[in-house]
file entry-v1.json (JSON, C-alpha atoms and all ligand atoms)
[["chain", "number", "residue", "atom", "x", "y", "z"],
["A", 1, "MET", "CA", 88.35, 131.59, -15.69],
["A", 2, "VAL", "CA", 85.43, 130.58, -17.88],
["A", 3, "ASN", "CA", 82.58, 130.74, -15.36],
["A", 4, "PRO", "CA", 83.24, 133.57, -12.94],
["A", 5, "GLU", "CA", 80.82, 134.85, -10.30],
["A", 6, "VAL", "CA", 78.75, 137.68, -11.71],
["A", 7, "SER", "CA", 78.40, 140.69, -9.44],
["A", 8, "SER", "CA", 75.18, 142.66, -9.38],
["A", 9, "GLN", "CA", 77.36, 145.66, -10.27],
["A", 10, "ALA", "CA", 78.50, 144.07, -13.55],
["A", 11, "LYS", "CA", 79.61, 146.70, -16.07],
["A", 12, "ILE", "CA", 79.71, 145.18, -19.53],
["A", 13, "SER", "CA", 81.53, 146.91, -22.32],
["A", 14, "TYR", "CA", 82.54, 145.90, -25.84],
["A", 15, "ARG", "CA", 85.84, 146.25, -27.67],
["A", 16, "PRO", "CA", 87.72, 144.56, -30.52],
["A", 17, "ILE", "CA", 89.45, 141.30, -29.65],
["A", 18, "GLN", "CA", 93.21, 141.92, -29.28],
["A", 19, "PRO", "CA", 96.43, 139.86, -29.11],
["A", 20, "SER", "CA", 96.38, 139.70, -25.28],
["A", 21, "ASP", "CA", 93.04, 137.80, -25.54],
["A", 22, "LEU", "CA", 94.62, 134.80, -27.28],
["A", 23, "ASN", "CA", 94.58, 132.30, -24.40],
["A", 24, "ILE", "CA", 91.18, 133.14, -22.96],
["A", 25, "LEU", "CA", 89.63, 133.25, -26.44],
["A", 26, "GLU", "CA", 90.92, 129.75, -27.22],
["A", 27, "HIS", "CA", 89.77, 128.56, -23.80],
["A", 28, "ILE", "CA", 86.22, 129.90, -24.11],
["A", 29, "TYR", "CA", 85.91, 128.82, -27.75],
["A", 30, "THR", "CA", 86.94, 125.25, -26.92],
["A", 31, "GLU", "CA", 84.51, 125.22, -24.01],
["A", 32, "LEU", "CA", 81.52, 126.51, -25.99],
["A", 33, "PHE", "CA", 81.83, 124.96, -29.44],
["A", 34, "PRO", "CA", 81.95, 121.30, -30.44],
["A", 35, "ILE", "CA", 84.02, 122.05, -33.55],
["A", 36, "ARG", "CA", 87.77, 122.51, -33.00],
["A", 37, "ALA", "CA", 89.41, 125.49, -34.67],
["A", 38, "PRO", "CA", 93.03, 125.36, -35.89],
["A", 39, "PRO", "CA", 95.58, 127.56, -34.00],
["A", 40, "ALA", "CA", 95.84, 129.83, -37.05],
["A", 41, "PHE", "CA", 92.20, 130.77, -36.60],
["A", 42, "TYR", "CA", 92.79, 132.23, -33.12],
["A", 43, "HIS", "CA", 95.87, 134.10, -34.34],
["A", 44, "ASP", "CA", 93.89, 135.59, -37.21],
["A", 45, "VAL", "CA", 91.12, 136.64, -34.84],
["A", 46, "VAL", "CA", 93.32, 138.36, -32.24],
["A", 47, "ASN", "CA", 95.42, 140.05, -34.95],
["A", 48, "GLY", "CA", 92.39, 141.03, -37.03],
["A", 49, "CYS", "CA", 93.70, 139.23, -40.13],
["A", 50, "GLY", "CA", 90.67, 139.12, -42.41],
["A", 51, "ILE", "CA", 88.47, 139.07, -39.32],
["A", 52, "VAL", "CA", 86.36, 141.61, -37.48],
["A", 53, "SER", "CA", 85.54, 140.87, -33.87],
["A", 54, "TRP", "CA", 84.08, 142.26, -30.68],
["A", 55, "GLY", "CA", 84.73, 141.00, -27.20],
["A", 56, "ALA", "CA", 82.59, 141.62, -24.13],
["A", 57, "VAL", "CA", 84.32, 142.35, -20.80],
["A", 58, "ASP", "CA", 83.01, 143.10, -17.32],
["A", 59, "SER", "CA", 84.99, 146.01, -15.96],
["A", 60, "SER", "CA", 83.61, 145.45, -12.45],
["A", 61, "ARG", "CA", 85.58, 142.20, -12.08],
["A", 62, "PRO", "CA", 88.49, 142.30, -9.65],
["A", 63, "ASP", "CA", 92.12, 141.25, -9.79],
["A", 64, "GLY", "CA", 93.17, 141.97, -13.32],
["A", 65, "GLN", "CA", 90.09, 140.29, -14.80],
["A", 66, "SER", "CA", 88.31, 143.52, -15.63],
["A", 67, "ASP", "CA", 89.47, 143.26, -19.24],
["A", 68, "GLU", "CA", 89.10, 139.49, -19.63],
["A", 69, "LEU", "CA", 86.71, 138.25, -22.33],
["A", 70, "ILE", "CA", 83.38, 136.88, -21.18],
["A", 71, "GLY", "CA", 81.85, 136.75, -24.63],
["A", 72, "PHE", "CA", 82.67, 137.44, -28.26],
["A", 73, "VAL", "CA", 81.47, 137.57, -31.81],
["A", 74, "ILE", "CA", 83.80, 136.78, -34.71],
["A", 75, "ALA", "CA", 82.96, 137.64, -38.30],
["A", 76, "CYS", "CA", 84.56, 138.14, -41.69],
["A", 77, "VAL", "CA", 83.68, 140.17, -44.75],
["A", 78, "VAL", "CA", 83.23, 138.18, -47.95],
["A", 79, "LEU", "CA", 82.70, 139.32, -51.51],
["A", 80, "ALA", "CA", 79.13, 138.54, -52.51],
["A", 81, "LYS", "CA", 80.28, 137.12, -55.87],
["A", 82, "GLU", "CA", 82.61, 134.70, -54.09],
["A", 83, "SER", "CA", 80.01, 133.50, -51.63],
["A", 84, "GLU", "CA", 77.98, 130.41, -52.35],
["A", 85, "VAL", "CA", 75.24, 131.84, -50.16],
["A", 86, "LEU", "CA", 73.89, 134.41, -52.60],
["A", 87, "ASP", "CA", 74.03, 131.96, -55.52],
["A", 88, "MET", "CA", 72.19, 129.45, -53.42],
["A", 89, "LEU", "CA", 69.48, 132.00, -52.72],
["A", 90, "GLY", "CA", 69.08, 132.82, -56.39],
["A", 91, "TYR", "CA", 70.72, 136.27, -56.50],
["A", 92, "ASP", "CA", 72.84, 137.34, -59.43],
["A", 93, "SER", "CA", 75.93, 138.53, -57.65],
["A", 94, "SER", "CA", 78.41, 137.95, -60.48],
["A", 95, "LYS", "CA", 78.82, 141.53, -61.60],
["A", 96, "SER", "CA", 78.97, 143.39, -58.35],
["A", 97, "ASP", "CA", 81.44, 144.48, -55.72],
["A", 98, "GLN", "CA", 78.88, 143.88, -53.03],
["A", 99, "THR", "CA", 79.88, 142.26, -49.77],
["A", 100, "LEU", "CA", 78.37, 140.20, -46.98],
["A", 101, "VAL", "CA", 79.34, 139.87, -43.36],
["A", 102, "HIS", "CA", 79.60, 136.24, -42.25],
["A", 103, "ILE", "CA", 79.32, 135.61, -38.52],
["A", 104, "LEU", "CA", 81.66, 132.72, -37.75],
["A", 105, "ALA", "CA", 81.16, 132.41, -33.99],
["A", 106, "LEU", "CA", 79.14, 133.98, -31.21],
["A", 107, "GLY", "CA", 79.42, 132.91, -27.60],
["A", 108, "VAL", "CA", 78.93, 134.09, -24.04],
["A", 109, "VAL", "CA", 80.28, 132.23, -20.99],
["A", 110, "GLU", "CA", 77.53, 130.57, -19.00],
["A", 111, "ALA", "CA", 77.57, 132.82, -15.94],
["A", 112, "TYR", "CA", 76.92, 135.89, -18.09],
["A", 113, "ARG", "CA", 74.07, 134.51, -20.20],
["A", 114, "ASN", "CA", 70.62, 136.08, -20.45],
["A", 115, "PHE", "CA", 71.95, 139.56, -19.71],
["A", 116, "GLY", "CA", 71.59, 140.68, -23.33],
["A", 117, "ILE", "CA", 75.31, 140.36, -24.11],
["A", 118, "ALA", "CA", 74.91, 138.28, -27.29],
["A", 119, "SER", "CA", 72.21, 140.68, -28.48],
["A", 120, "SER", "CA", 74.60, 143.61, -27.98],
["A", 121, "LEU", "CA", 77.38, 141.77, -29.81],
["A", 122, "LEU", "CA", 75.04, 141.12, -32.75],
["A", 123, "ARG", "CA", 74.06, 144.79, -32.76],
["A", 124, "GLU", "CA", 77.76, 145.70, -33.06],
["A", 125, "VAL", "CA", 78.06, 143.48, -36.14],
["A", 126, "ILE", "CA", 74.89, 144.91, -37.70],
["A", 127, "LYS", "CA", 76.06, 148.47, -37.04],
["A", 128, "TYR", "CA", 79.43, 147.72, -38.62],
["A", 129, "ALA", "CA", 77.86, 146.03, -41.67],
["A", 130, "SER", "CA", 75.30, 148.83, -42.09],
["A", 131, "SER", "CA", 78.08, 151.42, -42.16],
["A", 132, "THR", "CA", 79.60, 149.69, -45.21],
["A", 133, "PRO", "CA", 77.48, 150.88, -48.17],
["A", 134, "THR", "CA", 78.36, 147.86, -50.33],
["A", 135, "CYS", "CA", 77.30, 145.34, -47.68],
["A", 136, "LEU", "CA", 74.04, 143.53, -48.49],
["A", 137, "SER", "CA", 73.51, 141.38, -45.45],
["A", 138, "VAL", "CA", 74.83, 139.68, -42.36],
["A", 139, "PHE", "CA", 74.50, 135.89, -42.37],
["A", 140, "LEU", "CA", 75.30, 132.91, -40.19],
["A", 141, "HIS", "CA", 74.64, 129.21, -39.77],
["A", 142, "VAL", "CA", 73.31, 127.58, -36.63],
["A", 143, "ILE", "CA", 72.94, 123.90, -35.87],
["A", 144, "SER", "CA", 69.25, 123.02, -36.15],
["A", 145, "ASP", "CA", 68.75, 121.99, -32.50],
["A", 146, "ASN", "CA", 70.41, 125.04, -30.90],
["A", 147, "ASN", "CA", 67.15, 126.55, -29.62],
["A", 148, "PRO", "CA", 68.63, 129.36, -27.48],
["A", 149, "ALA", "CA", 70.65, 130.65, -30.44],
["A", 150, "ILE", "CA", 67.72, 130.24, -32.87],
["A", 151, "SER", "CA", 65.44, 132.23, -30.51],
["A", 152, "LEU", "CA", 68.13, 134.88, -30.23],
["A", 153, "TYR", "CA", 68.49, 135.31, -34.00],
["A", 154, "LYS", "CA", 64.72, 135.45, -34.51],
["A", 155, "LYS", "CA", 64.40, 138.00, -31.73],
["A", 156, "MET", "CA", 67.10, 140.07, -33.42],
["A", 157, "SER", "CA", 65.03, 139.98, -36.67],
["A", 158, "PHE", "CA", 67.32, 137.62, -38.57],
["A", 159, "LYS", "CA", 65.29, 135.61, -41.11],
["A", 160, "CYS", "CA", 65.71, 131.87, -41.41],
["A", 161, "VAL", "CA", 66.04, 131.33, -45.17],
["A", 162, "ARG", "CA", 67.29, 127.76, -45.64],
["A", 163, "ARG", "CA", 67.77, 124.45, -43.89],
["A", 164, "ARG", "CA", 71.08, 122.95, -45.04],
["A", 165, "GLN", "CA", 71.17, 119.18, -44.74],
["A", 166, "GLY", "CA", 74.25, 117.71, -43.05],
["A", 167, "PHE", "CA", 76.02, 121.08, -43.03],
["A", 168, "TYR", "CA", 78.09, 120.40, -39.91],
["A", 169, "LEU", "CA", 80.32, 117.38, -39.44],
["A", 170, "ILE", "CA", 80.92, 116.84, -35.71],
["A", 171, "ASN", "CA", 82.72, 113.75, -34.43],
["A", 172, "GLY", "CA", 81.98, 111.92, -37.65],
["A", 173, "GLN", "CA", 78.27, 112.73, -37.61],
["A", 174, "HIS", "CA", 76.42, 115.17, -39.88],
["A", 175, "TYR", "CA", 74.02, 117.74, -38.48],
["A", 176, "ASP", "CA", 71.63, 120.06, -40.29],
["A", 177, "ALA", "CA", 72.01, 123.80, -40.01],
["A", 178, "TYR", "CA", 69.76, 126.80, -40.56],
["A", 179, "LEU", "CA", 71.00, 129.72, -42.59],
["A", 180, "PHE", "CA", 69.93, 133.04, -41.05],
["A", 181, "LEU", "CA", 70.10, 136.34, -42.90],
["A", 182, "TYR", "CA", 69.80, 139.95, -41.79],
["A", 183, "CYS", "CA", 69.40, 142.27, -44.76],
["A", 184, "ILE", "CA", 70.79, 145.80, -44.74],
["A", 185, "ASN", "CA", 71.43, 148.69, -47.13],
["A", 186, "GLY", "CA", 68.49, 147.77, -49.36],
["A", 187, "GLY", "CA", 69.47, 144.09, -49.67],
["A", 188, "ARG", "CA", 66.33, 141.99, -49.83],
["A", 189, "SER", "CA", 65.70, 138.71, -48.18],
["A", 190, "PRO", "CA", 64.79, 135.93, -50.58],
["A", 191, "TRP", "CA", 61.39, 134.30, -50.41],
["A", 192, "SER", "CA", 61.11, 131.26, -48.23],
["A", 193, "PRO", "CA", 59.30, 128.24, -49.79],
["A", 194, "LEU", "CA", 56.24, 129.08, -47.64],
["A", 195, "GLN", "CA", 56.17, 132.72, -48.76],
["A", 196, "LEU", "CA", 56.56, 131.55, -52.37],
["A", 197, "LEU", "CA", 53.63, 129.14, -52.03],
["A", 198, "THR", "CA", 51.44, 131.79, -50.36],
["A", 199, "SER", "CA", 52.17, 134.26, -53.09],
["A", 200, "ILE", "CA", 51.46, 131.74, -55.88],
["A", 201, "VAL", "CA", 48.13, 130.90, -54.23],
["A", 202, "SER", "CA", 47.25, 134.58, -53.86],
["A", 203, "TYR", "CA", 48.34, 135.35, -57.46],
["A", 204, "THR", "CA", 46.28, 132.43, -58.79],
["A", 205, "ARG", "CA", 43.28, 133.60, -56.75],
["A", 206, "THR", "CA", 43.56, 137.17, -58.04],
["A", 207, "GLY", "CA", 43.89, 135.91, -61.63],
["A", 208, "PHE", "CA", 40.90, 133.59, -61.18],
["A", 209, "ASN", "CA", 38.77, 136.37, -59.66],
["A", 210, "SER", "CA", 39.52, 138.78, -62.48],
["A", 211, "MET", "CA", 38.70, 136.06, -65.04],
["A", 212, "VAL", "CA", 35.44, 135.37, -63.19],
["A", 213, "GLY", "CA", 34.76, 139.12, -63.21],
["A", 214, "ARG", "CA", 35.25, 139.26, -66.98],
["A", 215, "LEU", "CA", 33.11, 136.17, -67.61],
["A", 216, "CYS", "CA", 30.35, 137.46, -65.38],
["A", 217, "LYS", "CA", 30.04, 140.78, -67.16],
["A", 218, "SER", "CA", 27.37, 140.46, -69.87],
["A", 219, "GLU", "CA", 27.57, 142.40, -73.11],
["A", 220, "ASP", "CA", 25.26, 145.13, -71.85],
["A", 221, "GLY", "CA", 27.68, 145.69, -68.97],
["A", 222, "LYS", "CA", 25.44, 144.13, -66.30],
["A", 223, "VAL", "CA", 27.00, 141.67, -63.91],
["A", 224, "SER", "CA", 25.42, 138.23, -63.83],
["A", 225, "THR", "CA", 26.08, 135.09, -61.83],
["A", 226, "LEU", "CA", 28.59, 132.61, -63.25],
["A", 227, "LYS", "CA", 27.02, 129.23, -63.82],
["A", 228, "VAL", "CA", 29.36, 126.40, -63.01],
["A", 229, "GLY", "CA", 28.80, 122.93, -64.48],
["A", 230, "LYS", "CA", 27.37, 121.58, -67.68],
["A", 231, "VAL", "CA", 25.65, 124.14, -69.83],
["A", 301, "LIG", "C1", 73.22, 131.58, -27.67],
["A", 301, "LIG", "C2", 74.00, 132.51, -26.73],
["A", 301, "LIG", "C3", 75.10, 133.20, -27.52],
["A", 301, "LIG", "C4", 73.03, 133.56, -26.15],
["A", 301, "LIG", "O1", 73.79, 134.49, -25.37],
["A", 301, "LIG", "P1", 73.09, 135.45, -24.30],
["A", 301, "LIG", "O2", 74.03, 136.56, -24.00],
["A", 301, "LIG", "O3", 72.60, 134.66, -23.16],
["A", 301, "LIG", "O4", 71.84, 135.99, -25.13],
["A", 301, "LIG", "P2", 70.91, 137.25, -24.77],
["A", 301, "LIG", "O5", 70.92, 137.47, -23.29],
["A", 301, "LIG", "O6", 71.29, 138.40, -25.63],
["A", 301, "LIG", "O7", 69.49, 136.65, -25.18],
["A", 301, "LIG", "C5", 68.63, 137.31, -26.02],
["A", 301, "LIG", "C6", 67.52, 136.37, -26.47],
["A", 301, "LIG", "O8", 68.05, 135.11, -26.92],
["A", 301, "LIG", "C7", 67.13, 134.05, -26.61],
["A", 301, "LIG", "N1", 67.73, 133.13, -25.65],
["A", 301, "LIG", "C8", 68.91, 133.27, -25.02],
["A", 301, "LIG", "N2", 69.14, 132.19, -24.22],
["A", 301, "LIG", "C9", 68.07, 131.39, -24.35],
["A", 301, "LIG", "C10", 67.71, 130.12, -23.80],
["A", 301, "LIG", "N3", 68.53, 129.46, -22.94],
["A", 301, "LIG", "N4", 66.55, 129.55, -24.18],
["A", 301, "LIG", "C11", 65.72, 130.19, -25.06],
["A", 301, "LIG", "N5", 66.01, 131.39, -25.62],
["A", 301, "LIG", "C12", 67.17, 131.97, -25.26],
["A", 301, "LIG", "C13", 65.93, 134.73, -26.00],
["A", 301, "LIG", "O9", 65.05, 135.08, -27.06],
["A", 301, "LIG", "C14", 66.54, 135.99, -25.40],
["A", 301, "LIG", "O10", 65.62, 137.02, -25.25],
["A", 301, "LIG", "P3", 64.84, 137.20, -23.85],
["A", 301, "LIG", "O11", 65.91, 137.37, -22.83],
["A", 301, "LIG", "O12", 64.00, 138.40, -24.06],
["A", 301, "LIG", "O13", 64.06, 135.94, -23.63],
["A", 301, "LIG", "C15", 74.61, 131.72, -25.53],
["A", 301, "LIG", "O14", 73.61, 130.90, -24.98],
["A", 301, "LIG", "C16", 75.80, 130.86, -25.91],
["A", 301, "LIG", "O15", 76.94, 131.34, -25.89],
["A", 301, "LIG", "N6", 75.58, 129.57, -26.22],
["A", 301, "LIG", "C17", 76.67, 128.64, -26.56],
["A", 301, "LIG", "C18", 77.33, 128.99, -27.88],
["A", 301, "LIG", "C19", 76.31, 129.05, -28.98],
["A", 301, "LIG", "O16", 75.43, 128.21, -29.11],
["A", 301, "LIG", "N7", 76.47, 130.05, -29.88],
["A", 301, "LIG", "C20", 75.64, 130.23, -31.05],
["A", 301, "LIG", "C21", 76.21, 129.42, -32.16],
["A", 301, "LIG", "S1", 75.41, 129.75, -33.69]]
call {"tool": "encode", "arguments": {"input": "entry-v1.json", "output": "structure tokens"}}
result
Amino acid sequence: MVNPEVSSQAKISYRPIQPSDLNILEHIYTELFPIRAPPAFYHDVVNGCGIVSWGAVDSSRPDGQSDELIGFVIACVVLAKESEVLDMLGYDSSKSDQTLVHILALGVVEAYRNFGIASSLLREVIKYASSTPTCLSVFLHVISDNNPAISLYKKMSFKCVRRRQGFYLINGQHYDAYLFLYCINGGRSPWSPLQLLTSIVSYTRTGFNSMVGRLCKSEDGKVSTLKVGKV
């Protein structure tokens, strides 16, 4: 059941996704995401093959549904040097064994939205990534018009670092995506174009002011006014 009634006594808990979740996972995934996943993907998720995952369940639900998924987050660990993301952001990752956690999917069934479940699932991923000393950051892509998800990531302190043109291909049409990054273990977030511009402007201003300061100081050490224009 994808949209169950939510009781006011809902008791949400989180656990890894397991083989018995296969059918409901596929059902919810198909319902929530416009991009189809191959059957092998679901098998890898429920068997934890190269995947880390957390499912949310409501233990107050009756009739054998108390352990049925109502939300999930699916991620995988990638070697930083094998990820195009760090190269794209200008890091030199070639000589390291550093890793990244890539969130592949995050979803909550409609009836359980706005209860903080996705936030808790993201916290599980961040906690996991932070406990791995070699992990530099958690990252994900989100389609550029998915405002609820974008608000969620911003609220969770993910930084939007790139817009990727035509990143998603859905039903023959390309859609832009934002790349969001959450840095951990001393990893630093790259400068956005706006931050870069601001810092160039501020650097230029500081340089100009110190040059003005030098020009304005006369030989006897007194400060005079700089005359601008034809001398
Ligand atoms: C995006 C999604 C995962 C959010 O799940 P959720 O459990 O409802 O999220 P939370 O309750 O933890 O919400 C936390 C914050 O997210 C933002 N948010 C969530 N739903 C929102 C909405 N409909 N509109 C605007 N902001 C929203 C808000 O900032 C919210 O904080 P607030 O409650 O203080 O306002 C859920 O809507 C979903 O499954 N959508 C379909 C699948 C999807 O788009 N996944 C993301 C793909 S990248």
call {"tool": "atom_distance", "arguments": {"input": "entry-v1.json", "atom1": "atom C13 of ligand LIG 301 (chain A)", "atom2": "CA of Ser151 (chain A)"}}
result
5.2 Å
call {"tool": "closest_atom_pairs", "arguments": {"input": "entry-v1.json", "of": "chain A", "to": "ligand LIG 301 (chain A)", "cutoff": "9 Å", "atoms": "only C-alpha atoms and all ligand atoms", "output": "Markdown table"}}
result
| residue | atom | partner | partner_atom | distance |
| --- | --- | --- | --- | --- |
| A:Tyr29 | CA | A:LIG301 | C18 | 8.6 |
| A:Glu31 | CA | A:LIG301 | C17 | 8.9 |
| A:Leu32 | CA | A:LIG301 | C18 | 5.2 |
| A:Phe33 | CA | A:LIG301 | C18 | 6.2 |
| A:Gly71 | CA | A:LIG301 | O15 | 7.4 |
| A:Phe72 | CA | A:LIG301 | O15 | 8.7 |
| A:Val73 | CA | A:LIG301 | C3 | 8.8 |
| A:Ile103 | CA | A:LIG301 | S1 | 8.5 |
| A:Leu104 | CA | A:LIG301 | S1 | 8.0 |
| A:Ala105 | CA | A:LIG301 | C21 | 6.1 |
| A:Leu106 | CA | A:LIG301 | N7 | 4.9 |
| A:Gly107 | CA | A:LIG301 | O15 | 3.4 |
| A:Val108 | CA | A:LIG301 | O15 | 3.9 |
| A:Val109 | CA | A:LIG301 | O15 | 6.0 |
| A:Glu110 | CA | A:LIG301 | O15 | 7.0 |
| A:Ala111 | CA | A:LIG301 | O3 | 9.0 |
| A:Tyr112 | CA | A:LIG301 | O2 | 6.6 |
| A:Arg113 | CA | A:LIG301 | O3 | 3.3 |
| A:Asn114 | CA | A:LIG301 | O5 | 3.2 |
| A:Phe115 | CA | A:LIG301 | O5 | 4.3 |
| A:Gly116 | CA | A:LIG301 | O6 | 3.3 |
| A:Ile117 | CA | A:LIG301 | O2 | 4.0 |
| A:Ala118 | CA | A:LIG301 | O2 | 3.8 |
| A:Ser119 | CA | A:LIG301 | O6 | 3.8 |
| A:Ser120 | CA | A:LIG301 | O6 | 6.6 |
| A:Leu121 | CA | A:LIG301 | O6 | 8.1 |
| A:Leu122 | CA | A:LIG301 | O6 | 8.5 |
| A:Leu140 | CA | A:LIG301 | S1 | 7.2 |
| A:His141 | CA | A:LIG301 | S1 | 6.2 |
| A:Val142 | CA | A:LIG301 | S1 | 4.2 |
| A:Ile143 | CA | A:LIG301 | S1 | 6.7 |
| A:Asn146 | CA | A:LIG301 | O16 | 6.2 |
| A:Asn147 | CA | A:LIG301 | C11 | 6.0 |
| A:Pro148 | CA | A:LIG301 | C12 | 3.7 |
| A:Ala149 | CA | A:LIG301 | C1 | 3.9 |
| A:Ile150 | CA | A:LIG301 | C7 | 7.4 |
| A:Ser151 | CA | A:LIG301 | O9 | 4.5 |
| A:Leu152 | CA | A:LIG301 | O8 | 3.3 |
| A:Tyr153 | CA | A:LIG301 | O8 | 7.1 |
| A:Lys154 | CA | A:LIG301 | O9 | 7.5 |
| A:Lys155 | CA | A:LIG301 | O9 | 5.5 |
| A:Met156 | CA | A:LIG301 | C6 | 7.9 |
call {"tool": "closest_residue", "arguments": {"input": "entry-v1.json", "among": "A:Asp176, A:Asp63, A:Glu68, A:Asp44", "to": "Arg15 (chain A)", "atoms": "all atoms listed in the file"}}
result
A:Glu68
call {"tool": "closest_residue", "arguments": {"input": "entry-v1.json", "among": "A:Gln9, A:Gln165, A:Thr134, A:Thr30", "to": "Ser59 (chain A)", "atoms": "only C-alpha atoms"}}
result
A:Gln9
call {"tool": "residues_near_point", "arguments": {"input": "entry-v1.json", "point": "(69.8, 125.6, -41.9)", "cutoff": "12 Å", "atoms": "all atoms listed in the file", "output": "PDB file with C-alpha atoms, keeping the file's coordinate frame"}}
result
ATOM      1  CA  VAL A  85      75.240 131.840 -50.160  1.00  0.00           C
ATOM      2  CA  PHE A 139      74.500 135.890 -42.370  1.00  0.00           C
ATOM      3  CA  LEU A 140      75.300 132.910 -40.190  1.00  0.00           C
ATOM      4  CA  HIS A 141      74.640 129.210 -39.770  1.00  0.00           C
ATOM      5  CA  VAL A 142      73.310 127.580 -36.630  1.00  0.00           C
ATOM      6  CA  ILE A 143      72.940 123.900 -35.870  1.00  0.00           C
ATOM      7  CA  SER A 144      69.250 123.020 -36.150  1.00  0.00           C
ATOM      8  CA  ASP A 145      68.750 121.990 -32.500  1.00  0.00           C
ATOM      9  CA  ASN A 146      70.410 125.040 -30.900  1.00  0.00           C
ATOM     10  CA  ILE A 150      67.720 130.240 -32.870  1.00  0.00           C
ATOM     11  CA  LYS A 159      65.290 135.610 -41.110  1.00  0.00           C
ATOM     12  CA  CYS A 160      65.710 131.870 -41.410  1.00  0.00           C
ATOM     13  CA  VAL A 161      66.040 131.330 -45.170  1.00  0.00           C
ATOM     14  CA  ARG A 162      67.290 127.760 -45.640  1.00  0.00           C
ATOM     15  CA  ARG A 163      67.770 124.450 -43.890  1.00  0.00           C
ATOM     16  CA  ARG A 164      71.080 122.950 -45.040  1.00  0.00           C
ATOM     17  CA  GLN A 165      71.170 119.180 -44.740  1.00  0.00           C
ATOM     18  CA  GLY A 166      74.250 117.710 -43.050  1.00  0.00           C
ATOM     19  CA  PHE A 167      76.020 121.080 -43.030  1.00  0.00           C
ATOM     20  CA  TYR A 168      78.090 120.400 -39.910  1.00  0.00           C
ATOM     21  CA  TYR A 175      74.020 117.740 -38.480  1.00  0.00           C
ATOM     22  CA  ASP A 176      71.630 120.060 -40.290  1.00  0.00           C
ATOM     23  CA  ALA A 177      72.010 123.800 -40.010  1.00  0.00           C
ATOM     24  CA  TYR A 178      69.760 126.800 -40.560  1.00  0.00           C
ATOM     25  CA  LEU A 179      71.000 129.720 -42.590  1.00  0.00           C
ATOM     26  CA  PHE A 180      69.930 133.040 -41.050  1.00  0.00           C
ATOM     27  CA  LEU A 181      70.100 136.340 -42.900  1.00  0.00           C
TER      28      LEU A 181
END
call {"tool": "atom_distance", "arguments": {"input": "entry-v1.json", "atom1": "CA of Leu69 (chain A)", "atom2": "CA of Pro38 (chain A)"}}
result
19.7 Å
call {"tool": "residues_around", "arguments": {"input": "entry-v1.json", "residues": "His43 (chain A)", "least_positions_apart": "4", "cutoff": "8 Å", "atoms": "only C-alpha atoms", "output": "PDB file with C-alpha atoms, in the frame of the given file"}}
result
ATOM      1  CA  PRO A  19      96.430 139.860 -29.110  1.00  0.00           C
ATOM      2  CA  LEU A  22      94.620 134.800 -27.280  1.00  0.00           C
ATOM      3  CA  PRO A  39      95.580 127.560 -34.000  1.00  0.00           C
ATOM      4  CA  ASN A  47      95.420 140.050 -34.950  1.00  0.00           C
TER       5      ASN A  47
END
